[in-house]
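Data file: coords.txt. Format and content: compact mmCIF, C-alpha atoms (C1' of nucleotides).
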```
# COMPACT_ATOMS: atom_id res chain seq x y z
CA MET B 266 -37.66 -89.31 -22.43
CA LYS B 267 -39.54 -90.79 -19.57
CA LEU B 268 -39.07 -93.67 -17.17
CA SER B 269 -41.67 -96.34 -16.68
CA GLN B 270 -44.03 -96.06 -13.77
CA GLY B 271 -42.81 -99.45 -12.68
CA VAL B 272 -39.45 -98.04 -11.62
CA GLU B 273 -41.01 -96.06 -8.80
CA TRP B 274 -43.11 -99.04 -7.75
CA GLY B 275 -40.13 -101.37 -7.89
CA VAL B 276 -37.96 -99.23 -5.65
CA HIS B 277 -40.77 -98.80 -3.13
CA CYS B 278 -41.30 -102.54 -3.08
CA CYS B 279 -37.61 -103.15 -2.44
CA LEU B 280 -37.77 -100.73 0.48
CA VAL B 281 -40.65 -102.71 1.96
CA LEU B 282 -39.08 -106.10 1.31
CA GLY B 283 -35.92 -104.89 3.03
CA GLN B 284 -37.90 -104.61 6.24
CA ALA B 285 -39.71 -107.92 5.93
CA THR B 286 -38.62 -111.10 7.68
CA ALA B 287 -40.90 -113.40 5.68
CA PRO B 288 -42.05 -113.51 2.05
CA VAL B 289 -44.58 -110.79 1.21
CA PRO B 290 -47.27 -111.57 -1.39
CA ALA B 291 -47.59 -109.24 -4.36
CA ALA B 292 -51.17 -108.44 -3.41
CA ARG B 293 -50.08 -107.26 0.01
CA LEU B 294 -47.41 -105.02 -1.53
CA ALA B 295 -50.03 -103.55 -3.83
CA VAL B 296 -52.40 -102.81 -0.96
CA TYR B 297 -49.63 -101.19 1.03
CA HIS B 298 -48.75 -98.87 -1.83
CA GLY B 299 -52.31 -98.32 -3.00
CA VAL B 300 -51.65 -99.44 -6.57
CA SER B 301 -53.05 -102.00 -8.99
CA GLN B 302 -52.42 -105.54 -7.79
CA THR B 303 -52.18 -107.18 -11.19
CA TYR B 304 -49.96 -104.56 -12.72
CA LEU B 305 -47.57 -104.50 -9.78
CA ALA B 306 -47.27 -108.26 -10.15
CA LYS B 307 -45.98 -107.75 -13.67
CA HIS B 308 -43.17 -105.50 -12.46
CA LEU B 309 -42.30 -107.86 -9.63
CA GLN B 310 -41.81 -110.56 -12.23
CA ALA B 311 -39.23 -108.32 -13.87
CA LEU B 312 -37.42 -107.93 -10.56
CA ALA B 313 -37.49 -111.71 -10.15
CA ARG B 314 -36.10 -112.28 -13.64
CA ALA B 315 -33.25 -109.89 -12.81
CA GLY B 316 -32.47 -111.89 -9.68
CA LEU B 317 -33.15 -109.07 -7.24
CA VAL B 318 -36.03 -110.85 -5.53
CA ARG B 319 -36.93 -114.49 -5.06
CA SER B 320 -40.50 -115.72 -5.36
CA THR B 321 -42.04 -118.47 -3.28
CA GLN B 322 -45.34 -120.08 -4.08
CA GLY B 323 -47.87 -121.65 -1.79
CA GLN B 324 -49.84 -120.44 1.17
CA VAL B 325 -47.09 -118.54 2.95
CA GLY B 326 -45.34 -117.59 -0.28
CA GLY B 327 -44.49 -114.21 -1.69
CA TYR B 328 -41.44 -112.15 -2.59
CA GLU B 329 -38.27 -111.55 -0.62
CA LEU B 330 -34.94 -109.91 -1.39
CA THR B 331 -32.12 -112.16 -2.52
CA ARG B 332 -29.46 -109.83 -1.13
CA GLU B 333 -29.25 -107.49 1.80
CA PRO B 334 -30.60 -103.96 1.12
CA GLY B 335 -27.10 -102.50 1.22
CA ALA B 336 -26.10 -104.71 -1.73
CA ILE B 337 -28.94 -103.62 -4.01
CA THR B 338 -28.53 -100.34 -5.85
CA VAL B 339 -31.18 -98.17 -7.42
CA LEU B 340 -29.48 -98.84 -10.74
CA ASP B 341 -30.17 -102.55 -10.25
CA VAL B 342 -33.87 -101.86 -9.92
CA VAL B 343 -33.99 -99.41 -12.83
CA SER B 344 -32.13 -101.84 -15.09
CA ALA B 345 -34.41 -104.68 -14.05
CA ILE B 346 -37.54 -102.72 -14.95
CA GLU B 347 -36.36 -100.66 -17.90
CA GLY B 348 -33.80 -102.99 -19.38
CA ASP B 349 -30.18 -102.39 -20.22
CA ALA B 350 -30.70 -100.75 -23.60
CA PRO B 351 -29.16 -97.28 -23.78
CA ALA B 352 -31.57 -94.36 -24.01
CA PHE B 353 -29.78 -92.91 -27.02
CA ARG B 354 -29.55 -95.17 -30.04
CA CYS B 355 -27.18 -94.01 -32.76
CA THR B 356 -28.61 -94.82 -36.19
CA GLU B 357 -25.36 -93.97 -37.94
CA ILE B 358 -26.65 -90.94 -39.73
CA ARG B 359 -23.07 -90.08 -40.60
CA GLN B 360 -23.04 -93.06 -42.98
CA ARG B 361 -26.12 -91.91 -44.84
CA GLY B 362 -26.79 -89.23 -47.41
CA PRO B 363 -24.67 -87.97 -50.31
CA LEU B 364 -21.65 -87.25 -48.08
CA GLY B 365 -22.00 -90.37 -45.94
CA THR B 366 -18.82 -91.63 -44.31
CA PRO B 367 -18.00 -95.18 -45.51
CA PRO B 368 -18.38 -97.86 -42.80
CA GLU B 369 -14.69 -98.76 -42.97
CA ARG B 370 -13.91 -95.21 -41.86
CA CYS B 371 -16.24 -95.43 -38.87
CA LEU B 372 -13.95 -97.15 -36.43
CA ARG B 373 -14.96 -95.18 -33.36
CA PRO B 374 -18.58 -94.54 -32.40
CA CYS B 375 -20.10 -91.31 -33.66
CA ALA B 376 -19.04 -88.24 -31.68
CA ILE B 377 -22.64 -87.54 -30.76
CA ALA B 378 -23.11 -91.09 -29.53
CA ARG B 379 -19.97 -90.77 -27.44
CA ALA B 380 -21.26 -87.64 -25.75
CA MET B 381 -24.63 -89.24 -25.09
CA ALA B 382 -23.02 -92.39 -23.76
CA ALA B 383 -20.85 -90.36 -21.39
CA ALA B 384 -23.93 -88.59 -20.02
CA GLU B 385 -25.76 -91.88 -19.55
CA HIS B 386 -22.71 -93.27 -17.80
CA ALA B 387 -22.82 -90.37 -15.33
CA TRP B 388 -26.52 -91.04 -14.80
CA ARG B 389 -25.95 -94.72 -14.17
CA GLU B 390 -23.08 -94.08 -11.78
CA ALA B 391 -25.25 -91.71 -9.76
CA LEU B 392 -27.90 -94.40 -9.47
CA ARG B 393 -25.33 -97.05 -8.67
CA ALA B 394 -24.08 -94.97 -5.75
CA VAL B 395 -27.43 -95.20 -3.94
CA THR B 396 -28.52 -98.44 -2.32
CA ILE B 397 -31.84 -99.55 -0.92
CA ALA B 398 -30.28 -99.28 2.53
CA ASP B 399 -29.36 -95.64 1.88
CA LEU B 400 -32.93 -94.85 0.85
CA THR B 401 -34.28 -96.62 3.92
CA GLU B 402 -32.11 -94.43 6.11
CA ASP B 403 -33.24 -91.30 4.26
CA VAL B 404 -36.90 -92.19 4.74
CA GLN B 405 -36.22 -92.82 8.41
CA GLU B 406 -34.80 -89.33 8.78
CA ASP B 407 -37.62 -87.74 6.82
CA THR B 408 -40.21 -89.31 9.12
CA ASP B 409 -38.29 -88.85 12.38
CA GLY B 410 -37.75 -92.58 12.61
CA ALA B 411 -41.43 -93.43 12.53
CA ALA B 412 -41.83 -95.03 9.12
CA MET B 413 -39.91 -98.28 9.39
CA PRO B 414 -41.22 -99.41 12.79
CA ARG B 415 -44.76 -98.79 11.58
CA LEU B 416 -44.01 -100.70 8.41
CA ARG B 417 -42.57 -103.67 10.30
CA ALA B 418 -45.61 -103.74 12.56
CA TRP B 419 -47.92 -103.67 9.54
CA LEU B 420 -46.01 -106.49 7.89
CA ALA B 421 -46.24 -108.63 11.02
CA ALA B 422 -50.00 -108.08 11.33
CA MET Q 143 -36.37 -95.24 -21.05
CA LYS Q 144 -35.55 -94.10 -24.52
CA LEU Q 145 -34.84 -90.81 -26.23
CA SER Q 146 -36.72 -89.65 -29.27
CA GLN Q 147 -35.17 -90.18 -32.67
CA GLY Q 148 -35.44 -86.45 -33.17
CA VAL Q 149 -32.63 -85.79 -30.70
CA GLU Q 150 -30.07 -87.42 -32.94
CA TRP Q 151 -31.42 -85.59 -35.98
CA GLY Q 152 -31.48 -82.28 -34.16
CA VAL Q 153 -27.86 -82.48 -33.06
CA HIS Q 154 -26.74 -83.46 -36.53
CA CYS Q 155 -28.67 -80.52 -38.00
CA CYS Q 156 -27.01 -78.13 -35.56
CA LEU Q 157 -23.62 -79.46 -36.62
CA VAL Q 158 -24.47 -78.72 -40.25
CA LEU Q 159 -25.97 -75.32 -39.53
CA GLY Q 160 -22.83 -74.42 -37.62
CA GLN Q 161 -20.90 -74.70 -40.87
CA ALA Q 162 -23.39 -72.81 -43.02
CA THR Q 163 -23.05 -69.15 -43.94
CA ALA Q 164 -26.59 -68.80 -45.28
CA PRO Q 165 -29.98 -70.23 -44.27
CA VAL Q 166 -30.35 -73.93 -45.12
CA PRO Q 167 -33.81 -75.23 -46.07
CA ALA Q 168 -35.22 -78.15 -44.12
CA ALA Q 169 -35.46 -80.23 -47.29
CA ARG Q 170 -31.74 -79.77 -47.92
CA LEU Q 171 -30.91 -80.84 -44.38
CA ALA Q 172 -33.07 -83.93 -44.84
CA VAL Q 173 -31.34 -84.87 -48.09
CA TYR Q 174 -27.94 -84.41 -46.52
CA HIS Q 175 -28.79 -86.74 -43.65
CA GLY Q 176 -30.83 -89.16 -45.72
CA VAL Q 177 -33.94 -88.90 -43.58
CA SER Q 178 -37.60 -88.04 -44.07
CA GLN Q 179 -38.06 -84.43 -45.14
CA THR Q 180 -41.44 -83.85 -43.57
CA TYR Q 181 -40.60 -85.48 -40.27
CA LEU Q 182 -37.32 -83.63 -39.92
CA ALA Q 183 -39.26 -80.40 -40.47
CA LYS Q 184 -41.31 -81.23 -37.41
CA HIS Q 185 -38.25 -81.47 -35.21
CA LEU Q 186 -36.74 -78.30 -36.67
CA GLN Q 187 -39.89 -76.52 -35.59
CA ALA Q 188 -39.16 -77.66 -32.05
CA LEU Q 189 -35.65 -76.23 -32.29
CA ALA Q 190 -37.11 -72.97 -33.56
CA ARG Q 191 -39.62 -72.80 -30.69
CA ALA Q 192 -36.75 -73.25 -28.25
CA GLY Q 193 -34.90 -70.35 -29.86
CA LEU Q 194 -31.91 -72.39 -30.98
CA VAL Q 195 -32.46 -71.76 -34.67
CA ARG Q 196 -34.14 -68.98 -36.61
CA SER Q 197 -36.32 -69.66 -39.62
CA THR Q 198 -36.53 -67.48 -42.69
CA GLN Q 199 -39.19 -67.84 -45.34
CA GLY Q 200 -39.06 -67.06 -49.01
CA GLN Q 201 -36.90 -68.23 -51.84
CA VAL Q 202 -33.53 -68.04 -50.09
CA GLY Q 203 -35.01 -68.93 -46.72
CA GLY Q 204 -34.22 -71.78 -44.38
CA TYR Q 205 -32.81 -72.35 -40.91
CA GLU Q 206 -29.75 -70.85 -39.29
CA LEU Q 207 -28.32 -70.91 -35.79
CA THR Q 208 -29.19 -68.01 -33.51
CA ARG Q 209 -25.98 -68.36 -31.53
CA GLU Q 210 -22.46 -69.45 -32.35
CA PRO Q 211 -21.87 -73.22 -32.11
CA GLY Q 212 -19.78 -72.79 -28.97
CA ALA Q 213 -22.77 -71.27 -27.19
CA ILE Q 214 -25.16 -74.13 -27.93
CA THR Q 215 -24.92 -77.20 -25.74
CA VAL Q 216 -26.18 -80.68 -26.41
CA LEU Q 217 -28.47 -80.22 -23.44
CA ASP Q 218 -30.10 -77.29 -25.24
CA VAL Q 219 -30.93 -79.50 -28.19
CA VAL Q 220 -32.15 -82.40 -26.05
CA SER Q 221 -34.37 -80.12 -24.00
CA ALA Q 222 -35.75 -78.50 -27.15
CA ILE Q 223 -36.75 -81.85 -28.63
CA GLU Q 224 -37.67 -83.85 -25.55
CA GLY Q 225 -38.98 -81.10 -23.33
CA ASP Q 226 -37.96 -80.13 -19.82
CA ALA Q 227 -40.09 -82.68 -18.00
CA PRO Q 228 -38.00 -84.90 -15.71
CA ALA Q 229 -37.72 -88.54 -16.73
CA PHE Q 230 -38.76 -89.74 -13.27
CA ARG Q 231 -42.12 -88.51 -12.06
CA CYS Q 232 -42.83 -89.11 -8.38
CA THR Q 233 -46.47 -90.01 -7.89
CA GLU Q 234 -46.21 -89.65 -4.12
CA ILE Q 235 -46.74 -93.29 -3.36
CA ARG Q 236 -45.66 -92.57 0.21
CA GLN Q 237 -48.92 -90.68 0.72
CA ARG Q 238 -51.05 -93.59 -0.44
CA GLY Q 239 -52.11 -96.84 1.14
CA PRO Q 240 -53.03 -97.68 4.72
CA LEU Q 241 -49.77 -96.28 6.13
CA GLY Q 242 -49.63 -93.25 3.86
CA THR Q 243 -47.72 -90.26 5.18
CA PRO Q 244 -50.00 -87.21 5.51
CA PRO Q 245 -49.24 -84.43 3.01
CA GLU Q 246 -48.38 -81.97 5.77
CA ARG Q 247 -45.54 -84.28 6.78
CA CYS Q 248 -44.16 -84.39 3.25
CA LEU Q 249 -42.13 -81.22 3.26
CA ARG Q 250 -39.15 -82.54 1.33
CA PRO Q 251 -39.49 -84.52 -1.89
CA CYS Q 252 -39.56 -88.28 -1.54
CA ALA Q 253 -36.14 -89.85 -0.93
CA ILE Q 254 -36.48 -91.88 -4.11
CA ALA Q 255 -37.33 -88.79 -6.10
CA ARG Q 256 -34.30 -87.02 -4.66
CA ALA Q 257 -31.99 -89.83 -5.74
CA MET Q 258 -33.52 -89.89 -9.20
CA ALA Q 259 -33.30 -86.12 -9.51
CA ALA Q 260 -29.63 -86.19 -8.53
CA ALA Q 261 -28.92 -88.74 -11.24
CA GLU Q 262 -30.80 -86.70 -13.84
CA HIS Q 263 -28.87 -83.64 -12.75
CA ALA Q 264 -25.61 -85.47 -13.38
CA TRP Q 265 -26.90 -86.48 -16.81
CA ARG Q 266 -27.91 -82.94 -17.68
CA GLU Q 267 -24.60 -81.51 -16.52
CA ALA Q 268 -22.73 -83.97 -18.69
CA LEU Q 269 -24.78 -82.87 -21.69
CA ARG Q 270 -24.39 -79.22 -20.79
CA ALA Q 271 -20.62 -79.62 -20.81
CA VAL Q 272 -20.57 -80.50 -24.52
CA THR Q 273 -21.23 -77.84 -27.13
CA ILE Q 274 -21.90 -78.08 -30.84
CA ALA Q 275 -18.44 -76.65 -31.39
CA ASP Q 276 -16.93 -79.45 -29.32
CA LEU Q 277 -18.72 -82.06 -31.40
CA THR Q 278 -17.63 -80.37 -34.61
CA GLU Q 279 -14.03 -80.62 -33.49
CA ASP Q 280 -14.48 -84.26 -32.55
CA VAL Q 281 -15.91 -85.09 -35.96
CA GLN Q 282 -13.02 -83.28 -37.58
CA GLU Q 283 -10.56 -85.43 -35.69
CA ASP Q 284 -12.48 -88.63 -36.47
CA THR Q 285 -12.36 -87.88 -40.20
CA ASP Q 286 -8.82 -86.50 -40.32
CA GLY Q 287 -10.16 -83.04 -41.02
CA ALA Q 288 -12.04 -84.07 -44.14
CA ALA Q 289 -15.66 -83.80 -43.02
CA MET Q 290 -16.21 -80.10 -42.50
CA PRO Q 291 -14.54 -78.84 -45.68
CA ARG Q 292 -16.58 -81.33 -47.70
CA LEU Q 293 -19.71 -80.23 -45.89
CA ARG Q 294 -19.03 -76.55 -46.55
CA ALA Q 295 -18.44 -77.29 -50.22
CA TRP Q 296 -21.69 -79.23 -50.43
CA LEU Q 297 -23.59 -76.42 -48.76
CA ALA Q 298 -22.19 -73.88 -51.22
CA ALA Q 299 -23.12 -75.98 -54.23
C1' DG H 57 -50.54 -141.58 19.08
C1' DC H 58 -48.28 -141.36 14.55
C1' DC H 59 -47.97 -141.29 9.61
C1' DA H 60 -49.42 -140.76 4.90
C1' DC H 61 -52.55 -138.98 1.78
C1' DC H 62 -55.73 -135.75 0.01
C1' DT H 63 -58.10 -131.61 -0.29
C1' DT H 64 -57.94 -126.85 -0.32
C1' DA H 65 -56.58 -122.43 -0.62
C1' DC H 66 -53.16 -119.49 -1.82
C1' DT H 67 -49.25 -118.05 -4.62
C1' DC H 68 -46.85 -116.74 -8.93
C1' DG H 69 -46.36 -116.74 -14.17
C1' DG H 70 -47.32 -115.82 -18.78
C1' DA H 71 -50.71 -114.71 -22.33
C1' DT H 72 -54.25 -111.21 -23.57
C1' DA H 73 -56.80 -106.20 -24.60
C1' DA H 74 -56.92 -100.85 -24.31
C1' DG H 75 -54.74 -96.24 -24.24
C1' DG H 76 -51.22 -92.94 -25.32
C1' DA H 77 -46.96 -91.33 -27.29
C1' DC H 78 -43.70 -91.36 -30.95
C1' DT H 79 -43.39 -91.70 -35.94
C1' DG H 80 -44.57 -90.25 -40.41
C1' DT H 81 -47.30 -87.35 -43.77
C1' DC H 82 -49.97 -83.76 -45.94
C1' DC H 83 -51.64 -79.23 -47.46
C1' DG H 84 -52.32 -74.19 -46.51
C1' DA H 85 -50.33 -69.40 -45.02
C1' DG H 86 -46.66 -66.31 -45.59
C1' DT H 87 -42.59 -64.21 -47.66
C1' DC H 88 -38.92 -63.03 -50.69
C1' DG H 89 -36.84 -62.53 -55.27
C1' DC H 90 -37.55 -61.86 -60.10
C1' DT H 91 -39.75 -59.82 -64.03
C1' DA H 92 -41.89 -56.56 -66.70
C1' DA H 93 -44.21 -52.46 -67.54
C1' DG H 94 -44.47 -47.53 -66.94
C1' DG H 95 -42.46 -42.97 -66.10
C1' DC E 249 -32.23 -45.74 -67.30
C1' DC E 250 -34.75 -45.99 -62.84
C1' DT E 251 -38.77 -47.09 -60.11
C1' DT E 252 -42.59 -49.80 -58.83
C1' DA E 253 -46.16 -52.99 -59.03
C1' DG E 254 -47.35 -57.70 -59.91
C1' DC E 255 -46.34 -62.50 -60.28
C1' DG E 256 -44.44 -66.74 -59.23
C1' DA E 257 -42.04 -69.99 -56.68
C1' DC E 258 -40.16 -71.35 -52.61
C1' DT E 259 -40.23 -71.51 -47.58
C1' DC E 260 -42.10 -72.67 -43.04
C1' DG E 261 -46.04 -73.86 -39.84
C1' DG E 262 -49.67 -76.38 -37.91
C1' DA E 263 -53.25 -80.02 -38.51
C1' DC E 264 -54.02 -85.06 -39.70
C1' DA E 265 -53.37 -90.80 -39.80
C1' DG E 266 -50.40 -95.14 -38.62
C1' DT E 267 -47.66 -97.97 -35.57
C1' DC E 268 -45.18 -99.33 -31.54
C1' DC E 269 -44.70 -99.37 -26.57
C1' DT E 270 -46.53 -98.61 -21.94
C1' DT E 271 -50.40 -99.52 -19.11
C1' DA E 272 -53.81 -102.52 -17.28
C1' DT E 273 -56.11 -107.02 -16.77
C1' DC E 274 -57.30 -111.84 -16.67
C1' DC E 275 -57.06 -116.82 -15.95
C1' DG E 276 -54.33 -121.13 -15.60
C1' DA E 277 -50.15 -123.86 -13.50
C1' DG E 278 -47.78 -124.91 -9.41
C1' DT E 279 -46.93 -125.35 -4.46
C1' DA E 280 -47.12 -125.69 0.48
C1' DA E 281 -49.96 -125.90 4.52
C1' DG E 282 -53.61 -128.03 7.06
C1' DG E 283 -57.03 -131.50 7.88
C1' DT E 284 -58.51 -136.34 7.79
C1' DG E 285 -58.49 -141.09 7.68
C1' DG E 286 -56.01 -145.32 8.40
C1' DC E 287 -52.56 -148.07 10.84
```
Give the structure from the file, written as structure tokens.
Amino acid sequence: MKLSQGVEWGVHCCLVLGQATAPVPAARLAVYHGVSQTYLAKHLQALARAGLVRSTQGQVGGYELTREPGAITVLDVVSAIEGDAPAFRCTEIRQRGPLGTPPERCLRPCAIARAMAAAEHAWREALRAVTIADLTEDVQEDTDGAAMPRLRAWLAA
Amino acid sequence: MKLSQGVEWGVHCCLVLGQATAPVPAARLAVYHGVSQTYLAKHLQALARAGLVRSTQGQVGGYELTREPGAITVLDVVSAIEGDAPAFRCTEIRQRGPLGTPPERCLRPCAIARAMAAAEHAWREALRAVTIADLTEDVQEDTDGAAMPRLRAWLAA
DNA sequence: GCCACCTTACTCGGATAAGGACTGTCCGAGTCGCTAAGG
DNA sequence: CCTTAGCGACTCGGACAGTCCTTATCCGAGTAAGGTGGC
């Protein structure tokens, strides 16, 4: 089990966009993070499709958040990049083989699937509890309040 | 993010082995579940490497649990199949780019990595709370107590 | 001086290749039980 | 009748291809700003 690289990039981009006062082009976000410009663009498209960011074309275009940072959770970003499909997919093994349970007896999901779904629910809730604003504050504390002012100055330049 | 197919197979195999009183060959487990024999063998090797099951060769050989079902958690099986690597891998984006934070300033893990790690911890704890014995009981209830006796009879035949 | 048009440059968006991991398969090494011969 | 050596069959274990998804990239469509010419 592994998460896509794009998740990390997407969250970082949301942190940056939360500090911006004007649309930021994808290329500028890529330079700031030191990653591939074209590939980051692909992930930003996913964020746009999910409605987390809005894209503007033209000379002063770019990406900007559609909601305030406190209203965007990490789960929103992860779901936008990774999709909503559950990590564990029950293939109904219990219905197969010589002692397979008939489908009409399988009213509830498989016990294994239930346990897996409960664990994924806990994972999602933990991600839902953290917003972009929370992360921004954490980064501020980690850097003694230096990161965000520097970032805003770099965005303005 | 998706889990390997082998996780589902591995848990099901542990459920069966928990009911067995003698080693069960991999081929028999595959027939019972209606899955590929050779591919299931590959995943059983992973369970053996993790010390969850013991393999015996020879004519009456096969696999058997090393611990009682109540002492094996779903997390044990998932870790055996998927490995212990965390799903989210921080690539230290904060250290890159024109405003990268110097490594000597990065004492704590990245705030994003901390949030992701907390969520994964919640996921792991939820899986650790469920044992093979718990799942066996759940399946019993789902089938009105019919599944395990039938399984034991099939194993004896 | 003001307005409309055009050019230009910049932006995003989807369609297109390469690499790696999961999936699926095979055959060889090792081990145990059974059989048969000898004492 | 008991012991022991050999044989045979069954088991696991690691090494080998195929396929899907993630990664990475490119070029075309669209848009807004700025400049220029006309009124």
Exercise. Write out as a ChimeraX atom specification each polymer residue whose atoms come within 8 Å of Gln161 (chain Q), counting only C-alpha atoms (C1' of nucleotides); drop sequence neighbours fewer than 4 positions from it.
Key: /Q:157,290,293-294
Practice problem: Using all atoms listed in the file, find the residues of chain B whose closest atom to chain Q is at most 7 Å away, then write them as a VMD selection string. | Solution: chain B and resid 266 to 269 296 to 299 347 352 to 353 358 361 to 363 376 to 377 384 to 385 387 to 388 391 to 392 400 403 to 404
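Residue-level contacts from chain H to chain B at 7 Å, counting all atoms listed in the file, read DC66, DT67 and DC68 of chain H.
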Practice problem: Please provide as a list in words all residues within 12 Å of DA74 (chain H), with the sequence filter that same-chain residues fewer than 5 positions apart are discarded (counting only C-alpha atoms (C1' of nucleotides)). | Solution: DT270, DT271, DA272 and DT273 of chain E
Exercise. Measure the distance from C1' of DC62 (chain H) to C1' of DG276 (chain E) in Å and round it to one decimal.
Key: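 So the answer is 21.4 Å.
For the residues E:DC269, E:DC258, E:DA280, E:DA263, ranking by smallest atom-to-atom distance to chain B using all atoms listed in the file places E:DA280 first.
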Practice problem: Pick out the chain E residues within 10 Å of chain Q. Count all atoms listed in the file. Give them as number ranges by chain. | Solution: E: 257-262
Quiz item: When you draw a straight line from CA of Thr286 (chain B) to C1' of DG278 (chain E), how long is it in Å?
Solution: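 Spanning CA of Thr286 (chain B) to C1' of DG278 (chain E) is a straight-line distance of 23.8 Å.
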Quiz item: In Å, with one decimal, what is the gap from CA of Arg170 (chain Q) to CA of Ala299 (chain Q)?
Solution: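 Between CA of Arg170 (chain Q) and CA of Ala299 (chain Q) the gap works out to 11.3 Å.
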Practice problem: Compare B:Gly283, B:Pro334, B:Gly271, B:Pro367 by their minimum atom-to-atom distance to Ser301 (chain B), counting only C-alpha atoms, and give me the closest one. | Solution: B:Gly271
Quiz item: Could you name the residues that touch Thr208 (chain Q) at 8 Å or less, counting all atoms listed in the file, but leaving out those on the same chain fewer than 6 positions away, as a list in words?
Solution: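 Surrounding residues, per the criterion: Gly193, Leu194, Val195 and Arg196 of chain Q.
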Quiz prompt | Surrounding residues of DA93 (chain H) excluding itself and chain neighbours under 4 positions, 10 Å, all atoms listed in the file, as a PyMOL selection string | solution = chain E and resi 252-254
Restrict the output to region 250-287 of chain E and C-alpha atoms (C1' of nucleotides), then write it as a short mmCIF file (atom, residue, chain, number, x, y, z; two decimals), in the first residue's frame.
```cif
data_model
loop_
_atom_site.label_atom_id
_atom_site.label_comp_id
_atom_site.auth_asym_id
_atom_site.auth_seq_id
_atom_site.Cartn_x
_atom_site.Cartn_y
_atom_site.Cartn_z
"C1'" DC E 250 11.24 -56.48 14.21
"C1'" DT E 251 14.53 -53.33 12.17
"C1'" DT E 252 16.39 -50.68 8.55
"C1'" DA E 253 17.41 -49.09 4.15
"C1'" DG E 254 15.53 -47.50 -0.13
"C1'" DC E 255 11.99 -45.54 -2.92
"C1'" DG E 256 8.41 -42.68 -4.20
"C1'" DA E 257 5.36 -39.00 -3.89
"C1'" DC E 258 4.16 -34.91 -1.97
"C1'" DT E 259 5.42 -30.44 -0.01
"C1'" DC E 260 7.43 -25.81 -0.04
"C1'" DG E 261 10.71 -22.22 -1.89
"C1'" DG E 262 12.70 -19.10 -4.99
"C1'" DA E 263 13.38 -17.65 -9.88
"C1'" DC E 264 10.90 -16.19 -14.25
"C1'" DA E 265 7.19 -13.51 -17.79
"C1'" DG E 266 2.74 -10.55 -18.44
"C1'" DT E 267 -0.21 -6.67 -17.42
"C1'" DC E 268 -1.90 -2.64 -15.15
"C1'" DC E 269 -1.02 1.69 -12.81
"C1'" DT E 270 2.03 5.46 -11.48
"C1'" DT E 271 5.33 8.59 -13.24
"C1'" DA E 272 6.84 11.84 -16.59
"C1'" DT E 273 6.32 14.61 -20.81
"C1'" DC E 274 4.62 17.11 -24.75
"C1'" DC E 275 1.88 20.15 -27.68
"C1'" DG E 276 -2.58 22.40 -28.80
"C1'" DA E 277 -6.87 25.31 -27.24
"C1'" DG E 278 -8.28 29.26 -24.81
"C1'" DT E 279 -7.93 33.74 -22.52
"C1'" DA E 280 -6.70 38.21 -20.80
"C1'" DA E 281 -3.53 42.01 -20.98
"C1'" DG E 282 -1.16 45.47 -23.57
"C1'" DG E 283 -0.15 48.06 -27.64
"C1'" DT E 284 -1.67 50.43 -31.86
"C1'" DG E 285 -4.33 52.64 -35.11
"C1'" DG E 286 -8.45 55.18 -36.17
"C1'" DC E 287 -12.08 58.45 -34.92
#
```
